[in-house]
Amino acid sequence: MSNEIAKRAFLSRPPEPPANMLMNDPLQAIYIGSTKIFEVPFSWSFSNLTNPHIAVVGITGSGKSYFVKTLLVRASYIWNSNAIIVDFAGEYKNWVKQSGGIVVALGKGDYINIMDLSGMKPIDRTKQIVSSLEILTDISSFPEQRRITEEAIEQSYVNYGFVPSERPQMGKEGPTLKDVIALLQEKVQEGTYEYPAELENAIYRLRQFAREGEDFFARKSTVDIGKLANSGLVALDLSALPDERFRALAALFILQTMKEIMRSEGWSELKGLKTIVVLDEAWKVASDDRSEAITIVREGRKYQFGLIVASQNPTDVNEAIFSNVGTTFILRIKFEKFMNYLQSSLNFSPFIRTEISKFGVGQAAVDMAFQTSLRFPEIFLLEKVYGEEPLSIYTIDVTGVLTESELGSQVVDKEYQMEKEELRNKLVEYNLTAEEIEKVFSSMEQNGRRMKVDTLVRMLKEGGISVSNIVMFLKNMGVEDQVITRIMA
Ligand SMILES: Nc1ncnc2c1ncn2[C@@H]1O[C@H](COP(=O)(O)OP(=O)(O)O)[C@@H](O)[C@H]1O
Ligand SMILES: [Mg+2]
């Protein structure tokens, strides 16, 4: 009797959704991997889900970024999707470069003018800038400062010939935060303003983002922001910015711009995703109630805009995002409190919980919110996220070449990566013999495809390559001059 019931319970609640919900039209869905129990090839599509947005959670090294890359590549094949990755830790830049995408490196030569309108009305951009200041600074506690700041931003647009409530001409040069500061300073000079201390403080707050050397957002943009949503694969590398506040400002700005672009491009009849916005480890930006990430989650579906949020800490992702995404990928989770949070929000069984805690790299539990409430579990286990055959990446390590004190506040890359064929071609180009080249590769193989830069330089010298060619080789790889000088000394 109890046997019978147990069997029936199993039949009405199998451990995976039915295969027809997991296997979608291969021309309109993204293959992810096989399910663990019935080995069903699972391909992801949002056609029968509440929305296209995805949350990816798991400890560091569990495979979050790998999954995101796999998904973006396939989305671009299948739907021709564009992607813009807000890359806090600089984890995507090499991959994006290798994939022929665009890397915007803030703090390393690229600038974004947060006053760029990209087709937006000045009053709307003004509100957005003030909203970013509210998230990142204490401005909301000082209504008078908030008011004069907002007024000065709007006035700067007027001074550049814009009409606050009208959409601007494309390509027309606009003001920067430095113009706003200058306006406020004029007020100080005039000396007629009632609350001079408020004025000083408002100036001081804006200056944090406009100081020489830290004016990453207060200069003419080096990229056309308005085009970023339609430029294939784009990574906004924020890793070289001095602190979290700068990174968050960039991310908030990009989200605001993406939201505007999404709305202005309007409803789309495409089946797939037009643009995917990725926030990887974007703590403050994914957690704040005022972040436009939430707007994208609310409205994205009708515009074919998808948001992917990846985080090692699920409680850092705003509830409005976490409880509304159509799909959650749970990779390995270690901390009990994160597991408790996930289990109570997604309501999975103790069996799934145990499995999640045992996951290896790339193994995942997938929870999907189907549009119709059906009688099957919404969560299932994936044997492994099935990636493209990874490129053979070789890494040249330059750590330790410059001491901490020599580095000071400078940001230099710690490693440089090259695909095997690219590295081989370079070595051939500099006339290293086939035998010497094999020596370099086999030595790198033994060391996890890595090599310290001084070892490489020694091997190149032994191979008879001239000092000037070695310097060229390192320069070509992008190694900083100061580092090269030291290695060659
Ligand atoms: N599904 C997978 N198959 C093969 N290798 C993987 C897989 N997922 C991750 N890896 C590898 O594991 C390492 C850590 O993955 P990563 O995506 O950077 O983790 P996270 O972003 O969660 O910190 C990387 O070297 C990556 O190439
Ligand atoms: Mg990662």
# chains A, B, ... in the order shown; residues from 1 in each chain; ligands from 1
>>> residues_near_ligand(ligand="ligand 2", cutoff="7 Å", atoms="only C-alpha atoms and all ligand atoms", output="PDB file with C-alpha atoms, in the first residue's frame")
ATOM      1  CA  THR A  60      33.751  32.013  -6.877  1.00  0.00           C
ATOM      2  CA  GLY A  61      35.095  29.525  -9.391  1.00  0.00           C
ATOM      3  CA  GLY A  63      31.435  28.636 -13.365  1.00  0.00           C
ATOM      4  CA  LYS A  64      29.179  31.704 -13.436  1.00  0.00           C
ATOM      5  CA  SER A  65      31.176  33.755 -15.923  1.00  0.00           C
ATOM      6  CA  GLU A  91      36.993  38.903 -16.241  1.00  0.00           C
ATOM      7  CA  ASP A 280      28.614  40.334 -13.201  1.00  0.00           C
TER       8      ASP A 280
END
>>> residues_around(residues="segment 410-426 of chain A", least_positions_apart="6", cutoff="10 Å", atoms="only C-alpha atoms", output="JSON, numbers by chain")
{"A": [94, 95, 98, 107, 108, 239, 240, 241, 242, 391, 392, 393, 394, 395, 396, 397, 398, 399, 400, 401, 402, 404, 432, 434, 437, 438, 440, 441, 449, 450, 451, 452, 453, 473, 474, 476, 477, 478, 479, 480, 482, 483]}
>>> closest_residue(among="A:Phe359, A:Phe380, A:Phe209, A:Phe42", to="Ile114 of chain A", atoms="only C-alpha atoms")
A:Phe209
>>> closest_residue(among="A:Thr433, A:Thr35, A:Asn20, A:Ser311", to="ligand 1", atoms="only C-alpha atoms and all ligand atoms")
A:Ser311
>>> closest_atom_pairs(of="chain A", to="ligand 1", cutoff="7 Å", atoms="only C-alpha atoms and all ligand atoms", output="tab-separated table")
residue	atom	partner	partner_atom_place_in_ligand_line	distance
A:Gly58	CA	ligand 1	22 (O)	6.0
A:Ile59	CA	ligand 1	22 (O)	5.9
A:Thr60	CA	ligand 1	23 (O)	3.7
A:Gly61	CA	ligand 1	19 (O)	3.5
A:Ser62	CA	ligand 1	22 (O)	4.1
A:Gly63	CA	ligand 1	17 (O)	3.3
A:Lys64	CA	ligand 1	22 (O)	3.7
A:Ser65	CA	ligand 1	17 (O)	3.7
A:Tyr66	CA	ligand 1	17 (O)	3.6
A:Phe67	CA	ligand 1	8 (N)	6.3
A:Val361	CA	ligand 1	8 (N)	5.3
A:Gly362	CA	ligand 1	1 (N)	3.5
A:Gln363	CA	ligand 1	1 (N)	6.7
A:Lys384	CA	ligand 1	1 (N)	5.6
A:Val385	CA	ligand 1	1 (N)	4.1
A:Tyr386	CA	ligand 1	1 (N)	5.4
A:Gly387	CA	ligand 1	3 (N)	5.6
>>> write_last_selection(atoms="C-alpha atoms", output="PDB file, in the first residue's frame")
ATOM      1  CA  GLY A  58      27.388  30.281  -7.107  1.00  0.00           C
ATOM      2  CA  ILE A  59      30.653  30.578  -5.233  1.00  0.00           C
ATOM      3  CA  THR A  60      33.751  32.013  -6.877  1.00  0.00           C
ATOM      4  CA  GLY A  61      35.095  29.525  -9.391  1.00  0.00           C
ATOM      5  CA  SER A  62      31.808  27.645  -9.709  1.00  0.00           C
ATOM      6  CA  GLY A  63      31.435  28.636 -13.365  1.00  0.00           C
ATOM      7  CA  LYS A  64      29.179  31.704 -13.436  1.00  0.00           C
ATOM      8  CA  SER A  65      31.176  33.755 -15.923  1.00  0.00           C
ATOM      9  CA  TYR A  66      31.874  30.686 -18.053  1.00  0.00           C
ATOM     10  CA  PHE A  67      28.144  30.049 -18.267  1.00  0.00           C
ATOM     11  CA  VAL A 361      32.551  23.252 -11.536  1.00  0.00           C
ATOM     12  CA  GLY A 362      29.878  23.872 -14.159  1.00  0.00           C
ATOM     13  CA  GLN A 363      27.198  21.744 -12.511  1.00  0.00           C
ATOM     14  CA  LYS A 384      27.193  20.253 -16.621  1.00  0.00           C
ATOM     15  CA  VAL A 385      27.071  23.518 -18.520  1.00  0.00           C
ATOM     16  CA  TYR A 386      28.416  22.394 -21.847  1.00  0.00           C
ATOM     17  CA  GLY A 387      30.831  24.999 -23.143  1.00  0.00           C
TER      18      GLY A 387
END
>>> select_by_dssp(residues="segment 213-298 of chain A", states="alpha helix (DSSP H)", output="MDAnalysis selection string")
chainID A and resid 244:265 283:287 292:298
>>> write_last_selection(atoms="C-alpha atoms", output="PDB file, in the first residue's frame")
ATOM      1  CA  GLU A 244      33.663  50.746  -6.112  1.00  0.00           C
ATOM      2  CA  ARG A 245      31.878  54.094  -6.335  1.00  0.00           C
ATOM      3  CA  PHE A 246      33.358  54.851  -9.736  1.00  0.00           C
ATOM      4  CA  ARG A 247      32.506  51.366 -10.942  1.00  0.00           C
ATOM      5  CA  ALA A 248      28.944  51.720  -9.716  1.00  0.00           C
ATOM      6  CA  LEU A 249      28.587  55.130 -11.381  1.00  0.00           C
ATOM      7  CA  ALA A 250      29.615  53.641 -14.717  1.00  0.00           C
ATOM      8  CA  ALA A 251      27.249  50.713 -14.306  1.00  0.00           C
ATOM      9  CA  LEU A 252      24.307  52.896 -13.294  1.00  0.00           C
ATOM     10  CA  PHE A 253      24.944  55.132 -16.286  1.00  0.00           C
ATOM     11  CA  ILE A 254      25.028  52.190 -18.680  1.00  0.00           C
ATOM     12  CA  LEU A 255      21.818  50.757 -17.246  1.00  0.00           C
ATOM     13  CA  GLN A 256      20.081  54.111 -17.537  1.00  0.00           C
ATOM     14  CA  THR A 257      21.213  54.447 -21.127  1.00  0.00           C
ATOM     15  CA  MET A 258      20.198  50.875 -21.979  1.00  0.00           C
ATOM     16  CA  LYS A 259      16.762  51.468 -20.485  1.00  0.00           C
ATOM     17  CA  GLU A 260      16.309  54.565 -22.642  1.00  0.00           C
ATOM     18  CA  ILE A 261      17.498  52.794 -25.752  1.00  0.00           C
ATOM     19  CA  MET A 262      15.230  49.855 -24.998  1.00  0.00           C
ATOM     20  CA  ARG A 263      12.192  52.112 -24.687  1.00  0.00           C
ATOM     21  CA  SER A 264      13.015  54.261 -27.654  1.00  0.00           C
ATOM     22  CA  GLU A 265      13.601  51.322 -29.991  1.00  0.00           C
ATOM     23  CA  TRP A 283      26.910  44.425  -6.069  1.00  0.00           C
ATOM     24  CA  LYS A 284      25.508  47.913  -5.405  1.00  0.00           C
ATOM     25  CA  VAL A 285      23.943  48.219  -8.804  1.00  0.00           C
ATOM     26  CA  ALA A 286      22.024  44.977  -8.591  1.00  0.00           C
ATOM     27  CA  SER A 287      20.887  45.620  -5.033  1.00  0.00           C
ATOM     28  CA  GLU A 292      17.389  50.785 -13.650  1.00  0.00           C
ATOM     29  CA  ALA A 293      18.268  47.093 -13.608  1.00  0.00           C
ATOM     30  CA  ILE A 294      14.843  46.724 -12.040  1.00  0.00           C
ATOM     31  CA  THR A 295      13.151  48.624 -14.870  1.00  0.00           C
ATOM     32  CA  ILE A 296      14.867  46.396 -17.408  1.00  0.00           C
ATOM     33  CA  VAL A 297      13.605  43.327 -15.539  1.00  0.00           C
ATOM     34  CA  ARG A 298      10.072  44.726 -15.427  1.00  0.00           C
TER      35      ARG A 298
END
